[in-house]
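Asks: Contents are TSV, C-alpha atoms; file name work09.tsv:
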```
chain	number	residue	atom	x	y	z
D	39	MET	CA	0.00	0.00	0.00
D	40	LEU	CA	2.77	2.40	0.96
D	41	ARG	CA	4.65	1.71	-2.30
D	42	SER	CA	1.48	2.36	-4.28
D	43	LEU	CA	0.95	5.68	-2.55
D	44	LEU	CA	4.58	6.66	-3.14
D	45	ARG	CA	4.27	5.87	-6.86
D	46	LYS	CA	1.12	7.96	-7.14
D	47	HIS	CA	2.79	10.82	-5.28
D	48	ARG	CA	5.83	10.71	-7.54
D	49	GLY	CA	3.60	10.60	-10.61
D	50	ALA	CA	1.67	13.63	-9.40
D	51	MET	CA	4.90	15.51	-8.70
D	52	ALA	CA	6.27	14.64	-12.16
D	53	ALA	CA	3.05	15.80	-13.83
D	54	ALA	CA	3.17	19.05	-11.87
D	55	ALA	CA	6.82	19.57	-12.84
D	56	VAL	CA	6.03	19.02	-16.52
D	57	SER	CA	3.05	21.35	-16.33
D	58	GLU	CA	5.19	24.02	-14.68
D	59	SER	CA	8.06	23.56	-17.16
D	60	TRP	CA	5.82	23.51	-20.21
D	61	PRO	CA	2.60	25.48	-19.80
D	62	GLU	CA	2.15	24.89	-23.55
D	63	LEU	CA	0.64	21.51	-22.66
D	64	GLU	CA	-2.24	23.09	-20.78
D	65	LEU	CA	-2.67	25.71	-23.46
D	66	ALA	CA	-2.78	23.12	-26.23
D	67	GLU	CA	-5.33	21.11	-24.31
D	68	ARG	CA	-7.52	24.12	-23.57
D	69	GLU	CA	-7.38	25.55	-27.09
D	70	ARG	CA	-7.55	22.17	-28.84
D	71	ARG	CA	-4.45	22.98	-30.84
D	72	ARG	CA	-3.21	20.97	-33.80
D	73	GLU	CA	0.47	21.92	-33.37
D	74	LEU	CA	2.71	21.70	-30.33
D	75	LEU	CA	6.40	22.58	-29.95
D	76	LEU	CA	8.28	21.75	-26.74
D	77	THR	CA	12.00	22.46	-26.45
D	78	GLY	CA	14.63	22.39	-23.73
D	79	PRO	CA	14.98	20.37	-20.52
D	80	GLY	CA	12.03	19.57	-18.30
D	81	LEU	CA	11.26	15.90	-18.94
D	82	GLU	CA	12.15	12.64	-17.33
D	83	GLU	CA	13.08	9.63	-19.49
D	84	ARG	CA	9.74	9.44	-21.29
D	85	LEU	CA	7.18	11.80	-22.75
D	86	PRO	CA	4.47	12.76	-20.22
D	87	PRO	CA	1.24	10.74	-20.55
D	88	ARG	CA	-0.72	13.99	-20.59
D	89	LEU	CA	0.75	14.66	-24.01
D	90	PHE	CA	-1.10	11.64	-25.37
D	91	THR	CA	-4.47	13.13	-24.44
D	92	LEU	CA	-4.29	15.60	-27.34
D	93	PRO	CA	-5.77	13.51	-30.19
D	94	LEU	CA	-6.19	16.52	-32.50
D	95	LEU	CA	-2.44	17.10	-32.82
D	96	HIS	CA	-1.13	17.07	-36.38
D	97	TYR	CA	2.38	18.35	-35.60
D	98	LEU	CA	4.44	17.50	-32.52
D	99	GLU	CA	8.03	18.52	-31.87
D	100	VAL	CA	9.97	17.72	-28.71
D	101	SER	CA	13.64	18.65	-28.99
D	102	GLY	CA	16.68	19.47	-26.91
D	103	CYS	CA	15.72	17.25	-23.97
D	104	GLY	CA	18.89	15.53	-22.82
D	105	SER	CA	17.05	13.17	-20.49
D	106	LEU	CA	14.46	11.90	-22.98
D	107	ARG	CA	15.39	8.29	-23.77
D	108	ALA	CA	12.10	6.85	-25.06
D	109	PRO	CA	8.77	8.21	-26.33
D	110	GLY	CA	6.95	5.98	-23.88
D	111	PRO	CA	3.74	3.97	-24.25
D	112	GLY	CA	0.59	5.65	-25.48
D	113	LEU	CA	1.88	7.73	-28.38
D	114	ALA	CA	0.40	5.65	-31.20
D	115	GLN	CA	-2.93	5.21	-29.46
D	116	GLY	CA	-3.23	8.78	-28.20
D	117	LEU	CA	-2.05	10.71	-31.29
D	118	PRO	CA	-3.55	8.90	-34.30
D	119	GLN	CA	-3.81	12.05	-36.45
D	120	LEU	CA	-0.12	13.04	-36.31
D	121	HIS	CA	1.21	14.16	-39.70
D	122	SER	CA	4.66	15.25	-38.45
D	123	LEU	CA	6.64	13.95	-35.48
D	124	VAL	CA	9.96	15.63	-34.65
D	125	LEU	CA	12.00	14.17	-31.76
D	126	ARG	CA	15.46	15.56	-32.53
D	127	ARG	CA	18.44	16.41	-30.34
D	128	ASN	CA	17.27	14.30	-27.42
D	129	ALA	CA	18.78	11.12	-25.93
D	130	LEU	CA	16.58	8.49	-27.58
D	131	GLY	CA	18.26	5.10	-27.64
D	132	PRO	CA	19.67	2.59	-27.95
D	133	GLY	CA	16.32	1.51	-29.43
D	134	LEU	CA	12.72	2.70	-29.20
D	135	SER	CA	10.63	1.02	-26.53
D	136	PRO	CA	7.86	0.56	-27.27
D	137	GLU	CA	8.05	0.99	-31.05
D	138	LEU	CA	6.56	4.19	-32.49
D	139	GLY	CA	3.87	2.87	-34.83
D	140	PRO	CA	1.34	2.28	-35.97
D	141	LEU	CA	0.84	5.92	-36.92
D	142	PRO	CA	-1.41	5.74	-39.99
D	143	ALA	CA	-1.36	9.46	-40.89
D	144	LEU	CA	2.34	10.23	-40.25
D	145	ARG	CA	4.17	11.75	-43.23
D	146	VAL	CA	7.31	13.25	-41.63
D	147	LEU	CA	9.44	11.60	-38.95
D	148	ASP	CA	12.61	13.28	-37.66
D	149	LEU	CA	14.68	11.34	-35.11
D	150	SER	CA	17.98	13.08	-35.87
D	151	GLY	CA	20.62	13.85	-33.28
D	152	ASN	CA	19.80	11.11	-30.80
D	153	ALA	CA	21.63	7.99	-29.55
D	154	LEU	CA	19.84	5.30	-31.56
D	155	GLU	CA	21.96	2.21	-32.23
D	156	ALA	CA	19.41	-0.23	-33.68
D	157	LEU	CA	15.73	-0.38	-34.56
D	158	PRO	CA	14.81	-4.07	-34.29
D	159	PRO	CA	11.21	-5.39	-34.43
D	160	GLY	CA	9.31	-4.30	-31.33
D	161	HIS	CA	11.82	-1.55	-30.60
D	162	GLY	CA	11.79	0.35	-33.87
D	163	LEU	CA	9.60	2.44	-36.12
D	164	GLY	CA	6.54	0.19	-36.22
D	165	PRO	CA	5.18	-3.11	-37.49
D	166	ALA	CA	5.74	-4.32	-41.03
D	167	GLU	CA	2.47	-6.24	-41.48
D	168	PRO	CA	0.31	-4.31	-41.90
D	169	PRO	CA	2.60	-1.30	-42.46
D	170	GLY	CA	3.03	0.74	-39.30
D	171	LEU	CA	3.82	3.96	-41.19
D	172	PRO	CA	1.84	3.58	-44.43
D	173	GLN	CA	1.90	7.29	-45.36
D	174	LEU	CA	5.45	8.17	-44.27
D	175	GLN	CA	7.27	10.22	-46.91
D	176	SER	CA	10.31	11.65	-45.10
D	177	LEU	CA	12.50	9.86	-42.53
D	178	ASN	CA	15.50	11.58	-40.92
D	179	LEU	CA	17.79	9.31	-38.88
D	180	SER	CA	20.93	11.42	-39.25
D	181	GLY	CA	23.32	12.01	-36.37
D	182	ASN	CA	22.68	8.78	-34.50
D	183	ARG	CA	24.79	5.64	-33.85
D	184	LEU	CA	22.94	3.19	-36.06
D	185	ARG	CA	24.99	0.12	-36.96
D	186	GLU	CA	22.28	-1.34	-39.18
D	187	LEU	CA	18.90	-0.51	-40.65
D	188	PRO	CA	15.80	-2.56	-39.92
D	189	ALA	CA	15.36	-5.20	-42.60
D	190	ASP	CA	11.62	-4.51	-42.73
D	191	LEU	CA	11.93	-0.74	-43.27
D	192	ALA	CA	10.51	-0.91	-46.80
D	193	ARG	CA	7.47	-2.85	-45.58
D	194	CYS	CA	6.92	-0.57	-42.59
D	195	ALA	CA	7.10	2.63	-44.71
D	196	PRO	CA	6.33	1.62	-48.32
D	197	ARG	CA	5.68	5.19	-49.53
D	198	LEU	CA	9.00	6.62	-48.32
D	199	GLN	CA	10.40	9.34	-50.59
D	200	SER	CA	13.33	10.79	-48.61
D	201	LEU	CA	15.73	8.91	-46.32
D	202	ASN	CA	18.54	10.71	-44.45
D	203	LEU	CA	21.10	8.43	-42.80
D	204	THR	CA	24.01	10.87	-42.61
D	205	GLY	CA	26.38	10.56	-39.66
D	206	ASN	CA	25.77	7.02	-38.42
D	207	CYS	CA	27.88	3.82	-38.20
D	208	LEU	CA	26.37	1.91	-41.11
D	209	ASP	CA	28.64	-0.38	-43.14
D	210	SER	CA	25.91	-1.82	-45.37
D	211	PHE	CA	22.22	-1.67	-46.25
D	212	PRO	CA	19.81	-4.60	-45.80
D	213	ALA	CA	19.18	-6.46	-49.06
D	214	GLU	CA	15.43	-6.11	-48.53
D	215	LEU	CA	15.76	-2.36	-49.02
D	216	PHE	CA	16.72	-2.84	-52.67
D	217	ARG	CA	14.42	-5.66	-53.69
D	218	PRO	CA	12.30	-4.91	-56.80
D	219	GLY	CA	9.28	-2.79	-55.90
D	220	ALA	CA	10.36	-2.29	-52.28
D	221	LEU	CA	10.49	1.53	-52.23
D	222	PRO	CA	9.12	2.69	-55.60
D	223	LEU	CA	8.86	6.35	-54.54
D	224	LEU	CA	12.26	6.79	-52.88
D	225	SER	CA	13.97	9.70	-54.66
D	226	GLU	CA	16.44	11.00	-52.04
D	227	LEU	CA	18.96	8.91	-50.13
D	228	ALA	CA	21.71	10.60	-48.09
D	229	ALA	CA	24.32	8.50	-46.29
D	230	ALA	CA	27.49	10.56	-45.91
D	231	ASP	CA	29.74	10.05	-42.87
D	232	ASN	CA	29.09	6.34	-42.43
D	233	CYS	CA	31.34	3.29	-42.92
D	234	LEU	CA	29.90	2.33	-46.30
D	235	ARG	CA	32.42	1.08	-48.86
D	236	GLU	CA	30.30	-0.14	-51.73
D	237	LEU	CA	26.64	-0.57	-52.56
D	238	SER	CA	24.90	-3.56	-54.05
D	239	PRO	CA	24.06	-3.21	-57.76
D	240	ASP	CA	20.49	-3.98	-56.68
D	241	ILE	CA	20.14	-0.31	-55.76
D	242	ALA	CA	19.19	0.06	-59.42
D	243	HIS	CA	15.78	-1.31	-58.42
D	244	LEU	CA	15.06	2.03	-56.71
D	245	ALA	CA	13.55	3.39	-59.90
D	246	SER	CA	12.79	6.89	-58.58
D	247	LEU	CA	16.19	7.56	-56.97
D	248	LYS	CA	17.50	10.87	-58.34
D	249	VAL	CA	19.61	12.48	-55.61
D	250	SER	CA	22.31	10.68	-53.65
D	251	GLY	CA	24.69	12.30	-51.18
D	252	GLY	CA	27.91	10.72	-49.98
D	253	LEU	CA	27.22	7.23	-51.34
D	254	PRO	CA	30.12	5.05	-52.45
D	255	GLY	CA	30.50	3.94	-56.03
D	256	ARG	CA	33.12	2.77	-58.51
D	257	GLY	CA	35.34	5.32	-60.18
D	258	GLY	CA	32.88	8.17	-59.81
D	259	MET	CA	30.04	6.17	-61.30
D	260	GLY	CA	27.48	4.52	-59.04
D	261	PRO	CA	26.62	0.91	-59.86
D	262	TRP	CA	22.97	1.95	-60.26
D	263	SER	CA	23.62	4.52	-63.01
D	264	ARG	CA	21.47	4.15	-66.08
D	265	PRO	CA	23.04	3.93	-69.54
D	266	GLY	CA	24.19	7.29	-70.87
D	267	GLU	CA	24.67	9.07	-67.57
D	268	GLY	CA	26.87	8.85	-64.52
D	269	ARG	CA	26.47	10.38	-61.08
D	270	ASN	CA	28.78	12.78	-59.36
D	271	LEU	CA	27.86	11.49	-55.92
D	272	SER	CA	29.86	14.09	-54.05
D	273	ARG	CA	27.63	16.78	-55.53
D	274	GLY	CA	24.46	14.75	-56.03
D	275	ARG	CA	23.80	15.76	-59.64
D	276	ALA	CA	23.68	13.91	-62.93
D	277	LEU	CA	26.58	14.22	-65.37
D	278	PRO	CA	26.32	14.00	-69.15
D	279	SER	CA	27.71	10.85	-70.69
D	280	ASP	CA	30.78	12.63	-72.09
D	281	ALA	CA	31.79	14.36	-68.85
D	282	PRO	CA	35.09	13.32	-67.20
D	283	ARG	CA	34.75	10.81	-64.39
D	284	ASP	CA	37.99	10.96	-62.50
D	285	ALA	CA	36.72	10.88	-58.92
D	286	GLY	CA	37.86	7.72	-57.19
D	287	PRO	CA	36.17	5.82	-54.37
D	288	ARG	CA	38.11	7.76	-51.72
D	289	GLU	CA	36.75	11.10	-52.92
D	290	LEU	CA	33.24	9.69	-53.13
D	291	LEU	CA	33.36	8.35	-49.62
D	292	GLN	CA	34.49	11.71	-48.31
D	293	GLY	CA	31.69	13.36	-50.36
```
Re-express the file's structure as structure tokens.

Replies:
Amino acid sequence: MLRSLLRKHRGAMAAAAVSESWPELELAERERRRELLLTGPGLEERLPPRLFTLPLLHYLEVSGCGSLRAPGPGLAQGLPQLHSLVLRRNALGPGLSPELGPLPALRVLDLSGNALEALPPGHGLGPAEPPGLPQLQSLNLSGNRLRELPADLARCAPRLQSLNLTGNCLDSFPAELFRPGALPLLSELAAADNCLRELSPDIAHLASLKVSGGLPGRGGMGPWSRPGEGRNLSRGRALPSDAPRDAGPRELLQG
């Protein structure tokens, strides 16, 4: 009984501290806002449950919270209409527990500048069957510590158009990412400042890919280049077929 009372007391104190630190929560609740921006310290390790009682939110940003290690349970159930979720420059990691999805309306997800190391099933972005992020278009995972990507990323977010992986510890991509038809809309892939040495030729199956930053290739020409054009990967623009291609793998990796 005493332990139960202590837990309730601590919970009430934490809620009061969050309310005092971020009066925006009360304001958003009272005015039924669709956007909420919270920055700076003032949280414990998880997002406050009160945040998940704002079902009208379309845009949520929580950034610059050095103690925030996990979103916490309730996000997917409490915020089903989220279009944009920005959780950057926090301390999320090494995984996400519980996983973020399903978030059926989410189009933009920014998890940059955290401490993520892996996103395995159950501790990642969401389920693959059915897709946890069916409308996601932009995913920013830059500035983390990721050693690998989830193999089911393409199934979790099949409509992905932009993927930013800059500044991680990746040495390869999962083969499932490049299977035919996996990500038909992906047009931007950035992966500078990783440990990548060479990409599978199967990247050619990403039919919409137009802009690539810091990706390794062979002799200045990516293995996915279509006949008649090469790619200057360090600048991310197409080159005419008669342009000089003298950039070696070292220059491409440094991008």

Asks: Hey, which of D:Ser246, D:Ser135, D:Asn128, D:Ser150 ends up closest to Thr204 in chain D? Count all atoms listed in the file.

Replies: D:Ser150

Asks: Looking at D:Glu67, D:Glu137, D:Glu236, D:Asp209, which one is nearest to Gly170 in chain D, with distances taken over all atoms listed in the file?

Replies: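 For Gly170 in chain D, the nearest of the given residues is D:Glu137.
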
Asks: Rank nothing, just name the residue among D:Pro118, D:Pro61, D:Pro239, D:Pro168 nearest to Leu98 in chain D, using only C-alpha atoms.

Replies: D:Pro118

Asks: Could you build a table of the residues in range 53-151 of chain D lying no more than 10 Å from range 179-183 of chain D, giving for each the nearest pair of atoms and their separation in Å rounded to one decimal place, using only C-alpha atoms, ordered by chain and ascending residue number, as a Markdown table?

Replies:
```
| residue | atom | partner | partner_atom | distance |
| --- | --- | --- | --- | --- |
| D:Arg126 | CA | D:Leu179 | CA | 9.2 |
| D:Arg127 | CA | D:Gly181 | CA | 8.9 |
| D:Ala129 | CA | D:Asn182 | CA | 9.7 |
| D:Leu130 | CA | D:Asn182 | CA | 9.2 |
| D:Gly131 | CA | D:Asn182 | CA | 9.0 |
| D:Pro132 | CA | D:Arg183 | CA | 8.4 |
| D:Leu147 | CA | D:Leu179 | CA | 8.7 |
| D:Asp148 | CA | D:Leu179 | CA | 6.6 |
| D:Leu149 | CA | D:Leu179 | CA | 5.3 |
| D:Ser150 | CA | D:Ser180 | CA | 4.8 |
| D:Gly151 | CA | D:Gly181 | CA | 4.5 |
```

Asks: Provide the CA of Leu215 in chain D to CA of Val100 in chain D distance in Å, to one decimal place.

Replies: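 Distance between the two atoms: 29.1 Å.
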
Asks: Would you mind telling me which residue in D:Leu94, D:Leu134, D:Leu177, D:Leu89 lies nearest to Ala156 in chain D when using only C-alpha atoms?

Replies: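 Among D:Leu94, D:Leu134, D:Leu177, D:Leu89, it is D:Leu134 that comes nearest to Ala156 in chain D.
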
Asks: Can you list, as a list in words, every protein, DNA or RNA residue that comes within 8 Å of Leu76 in chain D when you count all atoms listed in the file, leaving out same-chain residues fewer than 5 positions away?

Replies: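 Those residues are Trp60, Glu62, Glu99, Val100 and Ser101 of chain D.
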
Asks: Find the distance between CA of Asn206 in chain D and CA of Pro142 in chain D and write it in Å to one decimal.

Replies: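 Separation between CA of Asn206 in chain D and CA of Pro142 in chain D: 27.3 Å.
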
Asks: With only C-alpha atoms as the atoms that count, which of D:Ser176, D:Gln119, D:Pro136, D:Val146 lies nearest to Gly162 in chain D?

Replies: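 Ranked by minimum distance to Gly162 in chain D, first place goes to D:Pro136.
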
Asks: Which residue gives the smallest distance to Glu167 in chain D among D:Glu226, D:Glu82, D:Asp190, D:Glu64, with only C-alpha atoms counted?

Replies: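 Of D:Glu226, D:Glu82, D:Asp190, D:Glu64, the one nearest Glu167 in chain D, counting only C-alpha atoms, is D:Asp190.
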
Asks: To one decimal place, how far is CA of Phe211 in chain D from CA of Leu224 in chain D in Å?

Replies: 14.7 Å

Asks: Would you list the residues near (9.0, -4.9, -42.6) (no more than 8 Å away, in the coordinates of the file, using all atoms listed in the file) as a ChimeraX atom specification?

Replies: /D:165-167,169,188-194
